[in-house]
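Enquirer: My structure is in work31.pdb, and what it holds is PDB, C-alpha atoms:
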ATOM      1  CA  ALA A 223      14.018  32.959  -2.146
ATOM      2  CA  PHE A 224      16.250  36.036  -2.053
ATOM      3  CA  THR A 225      15.924  38.175   1.085
ATOM      4  CA  VAL A 226      16.528  41.925   1.442
ATOM      5  CA  GLY A 227      17.517  43.220   4.867
ATOM      6  CA  ALA A 228      18.530  46.512   6.494
ATOM      7  CA  GLU A 229      20.626  46.933   9.611
ATOM      8  CA  LEU A 230      21.522  49.951  11.789
ATOM      9  CA  GLU A 231      24.261  49.777  14.422
ATOM     10  CA  ASP A 232      25.875  52.168  16.931
ATOM     11  CA  ALA A 233      23.005  54.655  16.877
ATOM     12  CA  LEU A 234      21.221  56.574  19.629
ATOM     13  CA  GLY A 235      23.977  55.871  22.117
ATOM     14  CA  THR A 236      25.723  58.169  24.619
ATOM     15  CA  GLY A 237      28.919  60.138  24.398
ATOM     16  CA  ASP A 238      30.712  59.901  21.089
ATOM     17  CA  ILE A 239      27.985  57.816  19.448
ATOM     18  CA  LYS A 240      24.994  59.801  20.575
ATOM     19  CA  ASP A 241      22.256  60.334  18.054
ATOM     20  CA  PHE A 242      23.510  59.001  14.671
ATOM     21  CA  THR A 243      27.043  60.347  14.907
ATOM     22  CA  GLY A 244      28.751  56.926  14.788
ATOM     23  CA  ALA A 245      25.965  54.974  13.136
ATOM     24  CA  GLU A 246      26.635  52.185  10.662
ATOM     25  CA  ALA A 247      23.832  51.390   8.197
ATOM     26  CA  THR A 248      23.930  48.235   6.115
ATOM     27  CA  LEU A 249      21.674  47.169   3.246
ATOM     28  CA  ARG A 250      22.186  43.516   2.370
ATOM     29  CA  LEU A 251      20.877  40.836  -0.008
ATOM     30  CA  SER A 252      20.956  37.206   1.206
ATOM     31  CA  ASN A 253      20.209  33.773  -0.165
ATOM     32  CA  VAL A 254      20.637  30.073   0.627
ATOM     33  CA  ILE A 255      22.569  27.810  -1.735
ATOM     34  CA  GLU A 256      20.911  24.404  -1.337
ATOM     35  CA  MET A 257      23.354  21.522  -1.546
ATOM     36  CA  GLY A 258      22.747  17.866  -2.341
ATOM     37  CA  GLY A 259      19.834  18.371  -4.784
ATOM     38  CA  LYS A 260      17.278  19.466  -2.188
ATOM     39  CA  ARG A 261      15.176  21.449  -4.657
ATOM     40  CA  GLU A 262      14.857  18.544  -7.098
ATOM     41  CA  ALA A 263      14.021  16.243  -4.185
ATOM     42  CA  ARG A 264      11.227  18.563  -2.984
ATOM     43  CA  VAL A 265       9.762  18.785  -6.487
ATOM     44  CA  GLY A 266       9.912  14.985  -6.681
ATOM     45  CA  VAL A 267       7.985  14.650  -3.407
ATOM     46  CA  ILE A 268       5.235  16.987  -4.609
ATOM     47  CA  SER A 269       4.957  15.126  -7.923
ATOM     48  CA  ARG A 270       4.648  11.796  -6.115
ATOM     49  CA  ARG A 271       1.961  13.240  -3.824
ATOM     50  CA  ILE A 272      -0.029  14.187  -6.913
ATOM     51  CA  ASP A 273       0.368  10.592  -8.163
ATOM     52  CA  VAL A 274      -1.003   9.306  -4.844
ATOM     53  CA  LEU A 275      -4.011  11.629  -5.105
ATOM     54  CA  ASN A 276      -4.659  10.438  -8.664
ATOM     55  CA  ALA A 277      -4.515   6.811  -7.494
ATOM     56  CA  GLU A 278      -6.910   7.575  -4.637
ATOM     57  CA  GLN A 279      -9.260   9.235  -7.128
ATOM     58  CA  ARG A 280      -9.274   6.079  -9.283
ATOM     59  CA  VAL A 281     -10.127   4.019  -6.188
ATOM     60  CA  VAL A 282     -13.062   6.315  -5.412
ATOM     61  CA  GLU A 283     -14.228   6.124  -9.040
ATOM     62  CA  LEU A 284     -14.094   2.321  -8.965
ATOM     63  CA  ASP A 285     -16.002   2.195  -5.660
ATOM     64  CA  LEU A 286     -18.626   4.531  -7.124
ATOM     65  CA  LEU A 287     -18.986   2.385 -10.236
ATOM     66  CA  ALA A 288     -19.297  -0.752  -8.098
ATOM     67  CA  GLU A 289     -22.077   0.875  -6.055
ATOM     68  CA  VAL A 290     -23.941   1.806  -9.250
ATOM     69  CA  VAL A 291     -23.670  -1.818 -10.413
ATOM     70  CA  ARG A 292     -24.965  -3.118  -7.064
ATOM     71  CA  ARG A 293     -27.968  -0.803  -7.161
ATOM     72  CA  PHE A 294     -28.638  -1.698 -10.802
ATOM     73  CA  ILE A 295     -28.664  -5.390  -9.837
ATOM     74  CA  ASP A 296     -31.069  -4.594  -6.980
ATOM     75  CA  VAL A 297     -33.500  -3.057  -9.487
ATOM     76  CA  ALA A 298     -33.132  -5.990 -11.893
ATOM     77  CA  THR A 299     -33.690  -8.433  -9.020
ATOM     78  CA  ALA A 300     -36.785  -6.568  -7.842
ATOM     79  CA  GLN A 301     -38.208  -6.674 -11.379
ATOM     80  CA  GLU A 302     -37.709 -10.446 -11.560
ATOM     81  CA  GLN A 303     -39.322 -10.875  -8.141
ATOM     82  CA  ILE A 304     -42.389  -8.930  -9.277
ATOM     83  CA  ASN A 305     -42.692 -11.243 -12.268
ATOM     84  CA  LEU A 306     -42.462 -14.222  -9.931
ATOM     85  CA  GLN A 307     -45.038 -12.801  -7.503
ATOM     86  CA  SER A 308     -47.365 -12.053 -10.432
ATOM     87  CA  GLN A 309     -47.068 -15.665 -11.492
ATOM     88  CA  SER A 310     -47.740 -16.768  -7.916
ATOM     89  CA  THR A 311     -50.890 -14.621  -7.830
ATOM     90  CA  ALA A 312     -52.046 -16.055 -11.160
ATOM     91  CA  ILE A 313     -51.583 -19.618  -9.884
ATOM     92  CA  ALA A 314     -53.511 -18.770  -6.687
ATOM     93  CA  GLU A 315     -56.366 -17.359  -8.788
ATOM     94  CA  GLN A 316     -56.402 -20.508 -10.914
ATOM     95  CA  THR A 317     -56.604 -22.598  -7.745
ATOM     96  CA  VAL A 318     -59.579 -20.591  -6.424
ATOM     97  CA  ASN A 319     -61.342 -20.913  -9.781
ATOM     98  CA  ALA A 320     -60.674 -24.650  -9.802
ATOM     99  CA  ILE A 321     -61.941 -25.224  -6.252
ATOM    100  CA  GLN A 322     -65.091 -23.065  -6.538
ATOM    101  CA  PRO A 323     -67.112 -25.468  -8.746
ATOM    102  CA  LEU A 324     -65.900 -28.461  -6.703
ATOM    103  CA  VAL A 325     -67.190 -26.886  -3.498
ATOM    104  CA  THR A 326     -70.487 -25.982  -5.191
ATOM    105  CA  ALA A 327     -70.849 -29.569  -6.379
ATOM    106  CA  GLY A 328     -69.988 -30.899  -2.915
ATOM    107  CA  GLN A 329     -66.836 -32.605  -4.139
ATOM    108  CA  ALA A 330     -64.532 -30.481  -1.968
ATOM    109  CA  PRO A 331     -64.986 -29.069   1.548
ATOM    110  CA  GLN A 332     -65.656 -25.360   2.097
ATOM    111  CA  LEU A 333     -62.467 -24.994   4.157
ATOM    112  CA  GLU A 334     -60.317 -25.722   1.080
ATOM    113  CA  LEU A 335     -61.914 -22.761  -0.666
ATOM    114  CA  GLY A 336     -61.187 -20.636   2.388
ATOM    115  CA  ARG A 337     -57.561 -21.715   2.386
ATOM    116  CA  ALA A 338     -57.322 -21.000  -1.355
ATOM    117  CA  ASN A 339     -58.772 -17.524  -0.904
ATOM    118  CA  ALA A 340     -56.332 -16.850   1.949
ATOM    119  CA  ALA A 341     -53.454 -17.984  -0.237
ATOM    120  CA  LEU A 342     -54.661 -15.651  -2.993
ATOM    121  CA  LEU A 343     -54.740 -12.705  -0.570
ATOM    122  CA  ARG A 344     -51.224 -13.514   0.657
ATOM    123  CA  ALA A 345     -49.980 -13.722  -2.932
ATOM    124  CA  GLN A 346     -51.514 -10.334  -3.707
ATOM    125  CA  VAL A 347     -49.904  -8.775  -0.615
ATOM    126  CA  ALA A 348     -46.551 -10.293  -1.577
ATOM    127  CA  GLU A 349     -46.900  -8.825  -5.063
ATOM    128  CA  GLN A 350     -47.622  -5.397  -3.573
ATOM    129  CA  ALA A 351     -44.554  -5.717  -1.325
ATOM    130  CA  ALA A 352     -42.412  -6.649  -4.331
ATOM    131  CA  THR A 353     -43.681  -3.558  -6.151
ATOM    132  CA  ALA A 354     -42.725  -1.397  -3.159
ATOM    133  CA  ARG A 355     -39.247  -2.956  -3.088
ATOM    134  CA  LEU A 356     -38.842  -2.198  -6.790
ATOM    135  CA  GLU A 357     -39.808   1.435  -6.260
ATOM    136  CA  SER A 358     -37.317   1.721  -3.398
ATOM    137  CA  ALA A 359     -34.566   0.146  -5.523
ATOM    138  CA  ARG A 360     -35.359   2.536  -8.399
ATOM    139  CA  ILE A 361     -35.046   5.530  -6.068
ATOM    140  CA  ARG A 362     -31.721   4.278  -4.665
ATOM    141  CA  LEU A 363     -30.370   3.863  -8.200
ATOM    142  CA  ALA A 364     -31.597   7.329  -9.194
ATOM    143  CA  ASN A 365     -29.828   8.742  -6.125
ATOM    144  CA  MET A 366     -26.519   7.971  -7.817
ATOM    145  CA  TRP A 367     -27.420  10.801 -10.216
ATOM    146  CA  ALA A 368     -28.469  13.083  -7.324
ATOM    147  CA  SER A 369     -32.153  12.543  -8.045
ATOM    148  CA  ASN A 370     -35.013  11.314  -5.879
ATOM    149  CA  SER A 371     -37.352  10.907  -8.858
ATOM    150  CA  PRO A 372     -36.282   8.086 -11.191
ATOM    151  CA  GLN A 373     -36.345   9.106 -14.853
ATOM    152  CA  PHE A 374     -36.738   5.463 -15.930
ATOM    153  CA  ASP A 375     -39.438   2.829 -15.502
ATOM    154  CA  SER A 376     -37.287  -0.283 -15.673
ATOM    155  CA  VAL A 377     -33.804  -1.553 -16.419
ATOM    156  CA  THR A 378     -32.847  -3.983 -19.153
ATOM    157  CA  SER A 379     -30.701  -6.914 -18.120
ATOM    158  CA  ASP A 380     -29.908 -10.413 -19.262
ATOM    159  CA  PHE A 381     -30.228 -11.330 -15.636
ATOM    160  CA  LEU A 382     -30.784 -15.066 -15.679
ATOM    161  CA  THR A 383     -28.532 -15.913 -18.617
ATOM    162  CA  VAL A 384     -25.201 -17.106 -17.214
ATOM    163  CA  GLY A 385     -22.020 -17.949 -19.070
ATOM    164  CA  GLN A 386     -18.748 -19.410 -17.869
ATOM    165  CA  ALA A 387     -16.850 -18.300 -14.803
ATOM    166  CA  GLY A 388     -13.713 -17.553 -16.804
ATOM    167  CA  SER A 389     -10.098 -18.217 -15.904
ATOM    168  CA  ILE A 390      -9.088 -17.378 -12.351
ATOM    169  CA  GLU A 391      -5.472 -16.981 -13.424
ATOM    170  CA  SER A 392      -6.271 -14.203 -15.913
ATOM    171  CA  THR A 393      -8.164 -12.363 -13.190
ATOM    172  CA  LEU A 394      -5.232 -12.661 -10.777
ATOM    173  CA  THR A 395      -2.818 -11.519 -13.494
ATOM    174  CA  GLU A 396      -4.813  -8.324 -14.011
ATOM    175  CA  LEU A 397      -4.861  -7.653 -10.270
ATOM    176  CA  GLY A 398      -1.666  -5.605 -10.466
ATOM    177  CA  SER A 399      -3.515  -2.885 -12.398
ATOM    178  CA  ASN A 400      -6.276  -2.689  -9.812
ATOM    179  CA  PRO A 401      -6.444   0.871  -8.384
ATOM    180  CA  ASP A 402      -6.278  -0.420  -4.797
ATOM    181  CA  ILE A 403      -2.940  -2.070  -5.580
ATOM    182  CA  GLU A 404      -1.711   0.790  -7.766
ATOM    183  CA  MET A 405      -2.265   3.124  -4.832
ATOM    184  CA  PHE A 406       0.391   1.221  -2.876
ATOM    185  CA  ALA A 407       2.810   1.646  -5.774
ATOM    186  CA  ALA A 408       2.112   5.378  -5.832
ATOM    187  CA  GLU A 409       2.567   5.579  -2.079
ATOM    188  CA  SER A 410       5.820   3.635  -2.370
ATOM    189  CA  ARG A 411       7.139   6.087  -4.973
ATOM    190  CA  LEU A 412       6.178   8.957  -2.654
ATOM    191  CA  LEU A 413       8.087   7.404   0.230
ATOM    192  CA  GLU A 414      11.107   6.856  -2.032
ATOM    193  CA  ALA A 415      10.990  10.562  -2.893
ATOM    194  CA  GLU A 416      10.753  11.439   0.803
ATOM    195  CA  LEU A 417      13.752   9.205   1.476
ATOM    196  CA  ARG A 418      15.749  11.037  -1.175
ATOM    197  CA  LEU A 419      14.698  14.361   0.371
ATOM    198  CA  ALA A 420      15.795  13.165   3.812
ATOM    199  CA  GLN A 421      19.156  12.066   2.394
ATOM    200  CA  THR A 422      19.735  15.502   0.836
ATOM    201  CA  ARG A 423      19.467  17.043   4.305
ATOM    202  CA  GLN A 424      22.638  15.257   5.305
ATOM    203  CA  GLN A 425      24.557  17.862   3.313
ATOM    204  CA  SER A 426      24.624  21.376   4.787
ATOM    205  CA  ASP A 427      23.340  24.371   2.866
ATOM    206  CA  ILE A 428      25.402  27.524   2.444
ATOM    207  CA  THR A 429      23.864  30.821   3.474
ATOM    208  CA  TRP A 430      25.441  33.975   2.053
ATOM    209  CA  SER A 431      24.690  37.649   2.199
ATOM    210  CA  ALA A 432      26.249  40.688   0.547
ATOM    211  CA  GLY A 433      25.521  44.359   0.883
ATOM    212  CA  ILE A 434      26.633  47.956   1.235
ATOM    213  CA  ARG A 435      27.626  49.448   4.597
ATOM    214  CA  HIS A 436      27.786  53.201   5.266
ATOM    215  CA  LEU A 437      29.816  54.498   8.211
ATOM    216  CA  LYS A 438      28.411  57.851   9.299
ATOM    217  CA  GLU A 439      31.384  58.789  11.470
ATOM    218  CA  ILE A 440      33.887  58.853   8.594
ATOM    219  CA  ASP A 441      31.254  59.333   5.923
ATOM    220  CA  ASP A 442      32.485  56.352   3.942
ATOM    221  CA  THR A 443      30.854  53.356   2.254
ATOM    222  CA  GLY A 444      32.107  49.773   1.898
ATOM    223  CA  LEU A 445      30.977  46.278   1.005
ATOM    224  CA  ALA A 446      29.826  43.676   3.542
ATOM    225  CA  PHE A 447      29.909  39.952   2.812
ATOM    226  CA  GLU A 448      28.979  36.981   5.012
ATOM    227  CA  VAL A 449      28.933  33.193   4.587
ATOM    228  CA  SER A 450      27.613  30.643   7.126
ATOM    229  CA  VAL A 451      27.390  26.841   7.106
ATOM    230  CA  PRO A 452      25.533  24.851   9.814
ATOM    231  CA  LEU A 453      27.503  22.061  11.480
ATOM    232  CA  PHE A 454      26.630  18.395  12.068
ATOM    233  CA  SER A 455      23.844  18.260   9.437
ATOM    234  CA  ASN A 456      24.683  14.635   8.681
ATOM    235  CA  ALA A 457      24.056  13.549  12.263
ATOM    236  CA  ARG A 458      20.820  15.518  12.573
ATOM    237  CA  ALA A 459      19.432  14.011   9.337
ATOM    238  CA  THR A 460      20.190  10.404  10.305
ATOM    239  CA  GLY A 461      16.915   9.946  12.214
ATOM    240  CA  ALA A 462      14.774  11.262   9.343
ATOM    241  CA  THR A 463      16.596   8.990   6.887
ATOM    242  CA  ARG A 464      16.086   5.880   9.025
ATOM    243  CA  SER A 465      12.411   6.776   9.519
ATOM    244  CA  ALA A 466      11.896   7.211   5.759
ATOM    245  CA  ARG A 467      13.507   3.802   5.078
ATOM    246  CA  ALA A 468      11.278   2.155   7.687
ATOM    247  CA  ASN A 469       8.159   3.750   6.172
ATOM    248  CA  LEU A 470       9.185   2.476   2.728
ATOM    249  CA  GLN A 471       9.554  -1.075   4.032
ATOM    250  CA  GLU A 472       6.235  -0.827   5.894
ATOM    251  CA  VAL A 473       4.217   0.167   2.818
ATOM    252  CA  GLU A 474       5.635  -2.792   0.886
ATOM    253  CA  ILE A 475       4.580  -5.157   3.682
ATOM    254  CA  ARG A 476       1.074  -3.641   3.648
ATOM    255  CA  ARG A 477       0.919  -4.019  -0.147
ATOM    256  CA  LEU A 478       1.818  -7.704   0.047
ATOM    257  CA  THR A 479      -0.670  -8.262   2.876
ATOM    258  CA  ILE A 480      -3.541  -6.601   1.015
ATOM    259  CA  LEU A 481      -2.597  -8.330  -2.244
ATOM    260  CA  ASN A 482      -2.646 -11.706  -0.527
ATOM    261  CA  ALA A 483      -6.028 -10.951   1.071
ATOM    262  CA  ILE A 484      -7.529  -9.834  -2.253
ATOM    263  CA  GLN A 485      -6.194 -12.917  -4.031
ATOM    264  CA  GLY A 486      -7.763 -15.143  -1.384
ATOM    265  CA  GLU A 487     -11.084 -13.293  -1.683
ATOM    266  CA  ILE A 488     -11.029 -13.585  -5.479
ATOM    267  CA  ARG A 489     -10.400 -17.329  -5.314
ATOM    268  CA  SER A 490     -13.265 -17.731  -2.825
ATOM    269  CA  LEU A 491     -15.622 -15.653  -4.981
ATOM    270  CA  HIS A 492     -14.595 -17.599  -8.077
ATOM    271  CA  GLN A 493     -15.547 -20.862  -6.378
ATOM    272  CA  ALA A 494     -18.896 -19.363  -5.332
ATOM    273  CA  LEU A 495     -19.458 -18.104  -8.895
ATOM    274  CA  GLN A 496     -18.823 -21.533 -10.392
ATOM    275  CA  GLN A 497     -21.252 -23.116  -7.923
ATOM    276  CA  ALA A 498     -23.882 -20.453  -8.644
ATOM    277  CA  ILE A 499     -23.590 -21.018 -12.392
ATOM    278  CA  THR A 500     -24.039 -24.748 -11.880
ATOM    279  CA  GLU A 501     -27.112 -24.192  -9.715
ATOM    280  CA  VAL A 502     -28.720 -21.754 -12.166
ATOM    281  CA  ASN A 503     -28.178 -24.051 -15.145
ATOM    282  CA  THR A 504     -29.531 -27.046 -13.226
ATOM    283  CA  LEU A 505     -32.603 -25.161 -12.057
ATOM    284  CA  GLN A 506     -33.361 -23.647 -15.473
ATOM    285  CA  GLN A 507     -32.673 -26.674 -17.630
ATOM    286  CA  GLN A 508     -33.742 -29.576 -15.419
ATOM    287  CA  VAL A 509     -35.590 -28.704 -12.224
ATOM    288  CA  ILE A 510     -38.020 -25.928 -13.224
ATOM    289  CA  PRO A 511     -39.342 -27.599 -16.418
ATOM    290  CA  VAL A 512     -40.071 -30.784 -14.462
ATOM    291  CA  LEU A 513     -41.732 -28.950 -11.552
ATOM    292  CA  GLN A 514     -43.794 -26.842 -13.950
ATOM    293  CA  GLN A 515     -45.094 -29.968 -15.618
ATOM    294  CA  VAL A 516     -45.778 -31.580 -12.221
ATOM    295  CA  GLN A 517     -47.640 -28.476 -11.055
ATOM    296  CA  GLN A 518     -49.850 -28.448 -14.146
ATOM    297  CA  GLN A 519     -50.551 -32.186 -13.940
ATOM    298  CA  THR A 520     -51.378 -31.889 -10.245
ATOM    299  CA  GLN A 521     -53.835 -29.076 -11.030
ATOM    300  CA  VAL A 522     -55.605 -31.323 -13.547
ATOM    301  CA  ALA A 523     -55.521 -34.323 -11.203
ATOM    302  CA  TYR A 524     -56.949 -32.236  -8.353
ATOM    303  CA  GLY A 525     -59.816 -31.129 -10.552
ATOM    304  CA  ALA A 526     -60.515 -34.782 -11.308
ATOM    305  CA  GLY A 527     -60.508 -35.604  -7.580
ATOM    306  CA  ASN A 528     -57.353 -37.719  -7.706
ATOM    307  CA  TYR A 529     -55.124 -35.441  -5.575
ATOM    308  CA  SER A 530     -55.745 -33.631  -2.337
ATOM    309  CA  TYR A 531     -55.514 -29.889  -1.763
ATOM    310  CA  VAL A 532     -52.295 -30.400   0.225
ATOM    311  CA  GLU A 533     -50.659 -32.143  -2.726
ATOM    312  CA  LEU A 534     -51.810 -29.356  -5.025
ATOM    313  CA  ILE A 535     -50.365 -26.468  -3.002
ATOM    314  CA  SER A 536     -47.207 -28.483  -2.329
ATOM    315  CA  ALA A 537     -46.581 -28.877  -6.065
ATOM    316  CA  GLN A 538     -47.284 -25.183  -6.610
ATOM    317  CA  ARG A 539     -44.911 -24.136  -3.794
ATOM    318  CA  GLU A 540     -42.094 -26.351  -5.076
ATOM    319  CA  PHE A 541     -42.419 -24.812  -8.534
ATOM    320  CA  LEU A 542     -42.395 -21.226  -7.225
ATOM    321  CA  ASP A 543     -39.535 -21.903  -4.788
ATOM    322  CA  ALA A 544     -37.394 -23.252  -7.620
ATOM    323  CA  GLN A 545     -37.990 -20.096  -9.636
ATOM    324  CA  LEU A 546     -37.191 -17.933  -6.604
ATOM    325  CA  ALA A 547     -33.960 -19.872  -6.076
TER     326      ALA A 547
END
Kindly present the structure from the file in structure tokens form.
Expert:
Amino acid sequence: AFTVGAELEDALGTGDIKDFTGAEATLRLSNVIEMGGKREARVGVISRRIDVLNAEQRVVELDLLAEVVRRFIDVATAQEQINLQSQSTAIAEQTVNAIQPLVTAGQAPQLELGRANAALLRAQVAEQAATARLESARIRLANMWASNSPQFDSVTSDFLTVGQAGSIESTLTELGSNPDIEMFAAESRLLEAELRLAQTRQQSDITWSAGIRHLKEIDDTGLAFEVSVPLFSNARATGATRSARANLQEVEIRRLTILNAIQGEIRSLHQALQQAITEVNTLQQQVIPVLQQVQQQTQVAYGAGNYSYVELISAQREFLDAQLA
């Protein structure tokens, strides 16, 4: 920026220069001529800082989206658990209804009816607890829209339909565009701009000033001009330049470290995903149909007096545990 200054010399003295008799008044305009492209370097630093802020914003957006997905899955899970607990309650009611006539006819002891009624009560309590968990999950999801009163009753999801895990290599290839990794690139560009700014400080700026000077004693006016250049700027800027280079190398090392950690985590999650898909398909296609048939046959066999109560509840528990899994 240009600077305007005023200066008064040799005033209010004693003898010949008392009062303003020998005063010299100067009005000057001064400015700094920046050398080495300092202005462009500063603008570059500010632009790169904006890029870093934009990258950080994308990271926050992605984290927010991930949290919404997690809470959505919690609601979908709670809905499925209510369905399962409802089925468990229905099976417990069927068991009580099946035992009641057997106890009346003396074909089953009274204690089995007591155990069946206790199991029914526990199933009903579990269903109530699942309903409470669903309500809590709905509120937590609604909180993402700054609301404590959910404006929805349920969520729609194809929750238990699984596909293929997909290619791990395609996922790793797309990792470079992940906002967490892009943030390192933005930070690296910022540090490169700061390095360029530090390098420009190795070249001294030129400060100049020009003005008009009035000499009261001879009642005359003349021009005043001044130029100054600081010395040893190169030596003073060496430390800042070395520090900027070190920071640039450090951010690259951090990027590689984080990238390696994320790649390892992705590979681990991909293995877990493949195993989960295998388990779900096995349970849905092979285990649950068999256990459902066994549970129904055991119910019939118990009514005919061929199976004990322990075998009946064991078959029921195996069927429900497979669905829960």
Enquirer: Find the residue from A:Glu302, A:Glu472, A:Glu396, A:Asp427 that sits nearest to Glu256 of chain A; use all atoms listed in the file when measuring.
Expert: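 Among the listed residues, the smallest separation from Glu256 of chain A belongs to A:Asp427.
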Enquirer: For the provided coordinates, the residues matched by the PyMOL selection byres ((chain A and resi 377-385) around 7) should be stated as a ChimeraX atom specification.
Expert: /A:298,376,386-387,499
Enquirer: Applied to the shown file, which residues does the PyMOL selection byres ((chain A and resi 532-534) around 10) return, written as a VMD selection string?
Expert: chain A and resid 317 334 516 to 525 529 to 531 535 to 539
Enquirer: For the file shown, report as a ChimeraX atom specification the outcome of the PyMOL selection byres ((chain A and resi 459) around 9) at residue level.
Expert: /A:420-425,454-458,460-464
Enquirer: Save the residues we just selected, C-alpha atoms, as a PDB file, in the coordinates of the input?
Expert:
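Written output follows (again07.pdb):
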ATOM      1  CA  ALA A 420      15.795  13.165   3.812  1.00  0.00           C
ATOM      2  CA  GLN A 421      19.156  12.066   2.394  1.00  0.00           C
ATOM      3  CA  THR A 422      19.735  15.502   0.836  1.00  0.00           C
ATOM      4  CA  ARG A 423      19.467  17.043   4.305  1.00  0.00           C
ATOM      5  CA  GLN A 424      22.638  15.257   5.305  1.00  0.00           C
ATOM      6  CA  GLN A 425      24.557  17.862   3.313  1.00  0.00           C
ATOM      7  CA  PHE A 454      26.630  18.395  12.068  1.00  0.00           C
ATOM      8  CA  SER A 455      23.844  18.260   9.437  1.00  0.00           C
ATOM      9  CA  ASN A 456      24.683  14.635   8.681  1.00  0.00           C
ATOM     10  CA  ALA A 457      24.056  13.549  12.263  1.00  0.00           C
ATOM     11  CA  ARG A 458      20.820  15.518  12.573  1.00  0.00           C
ATOM     12  CA  THR A 460      20.190  10.404  10.305  1.00  0.00           C
ATOM     13  CA  GLY A 461      16.915   9.946  12.214  1.00  0.00           C
ATOM     14  CA  ALA A 462      14.774  11.262   9.343  1.00  0.00           C
ATOM     15  CA  THR A 463      16.596   8.990   6.887  1.00  0.00           C
ATOM     16  CA  ARG A 464      16.086   5.880   9.025  1.00  0.00           C
TER      17      ARG A 464
END
Enquirer: Smallest atom-to-atom distance to Arg271 of chain A: which of A:Ala340, A:Ala415, A:Val291, A:Ala498, using all atoms listed in the file?
Expert: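 Smallest separation from Arg271 of chain A among the options: A:Ala415.
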Enquirer: How close does segment 437-461 of chain A get to segment 249-252 of chain A? List, as a Markdown table, each residue of segment 437-461 of chain A within 10 Å, its nearest atom pair and the distance in Å to one decimal, counting all atoms listed in the file.
Expert:
| residue | atom | partner | partner_atom | distance |
| --- | --- | --- | --- | --- |
| A:Leu445 | CA | A:Arg250 | CA | 9.3 |
| A:Ala446 | CA | A:Arg250 | CA | 7.7 |
| A:Phe447 | CA | A:Arg250 | CA | 8.5 |
| A:Glu448 | CA | A:Ser252 | CA | 8.9 |
| A:Val449 | CA | A:Ser252 | CA | 9.5 |
Enquirer: So how far away is atom CA of Ile428 of chain A from atom CA of Val451 of chain A, in Å?
Expert: 5.1 Å
Enquirer: Return as a Markdown table the residues of segment 458-518 of chain A lying at most 8 Å from segment 407-414 of chain A, together with the closest atom-to-atom pair for each and the distance in Å to one decimal, counting all atoms listed in the file, with rows in chain order and ascending residue number.
Expert:
| residue | atom | partner | partner_atom | distance |
| --- | --- | --- | --- | --- |
| A:Ala466 | CA | A:Leu413 | CA | 6.7 |
| A:Asn469 | CA | A:Leu413 | CA | 7.0 |
| A:Leu470 | CA | A:Leu413 | CA | 5.6 |
| A:Val473 | CA | A:Ser410 | CA | 6.4 |
| A:Glu474 | CA | A:Ser410 | CA | 7.2 |
Enquirer: Record the distance separating atom CA of Arg261 of chain A and atom CA of Glu416 of chain A, expressed in Å with one decimal.
Expert: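 A separation of 12.2 Å between them.
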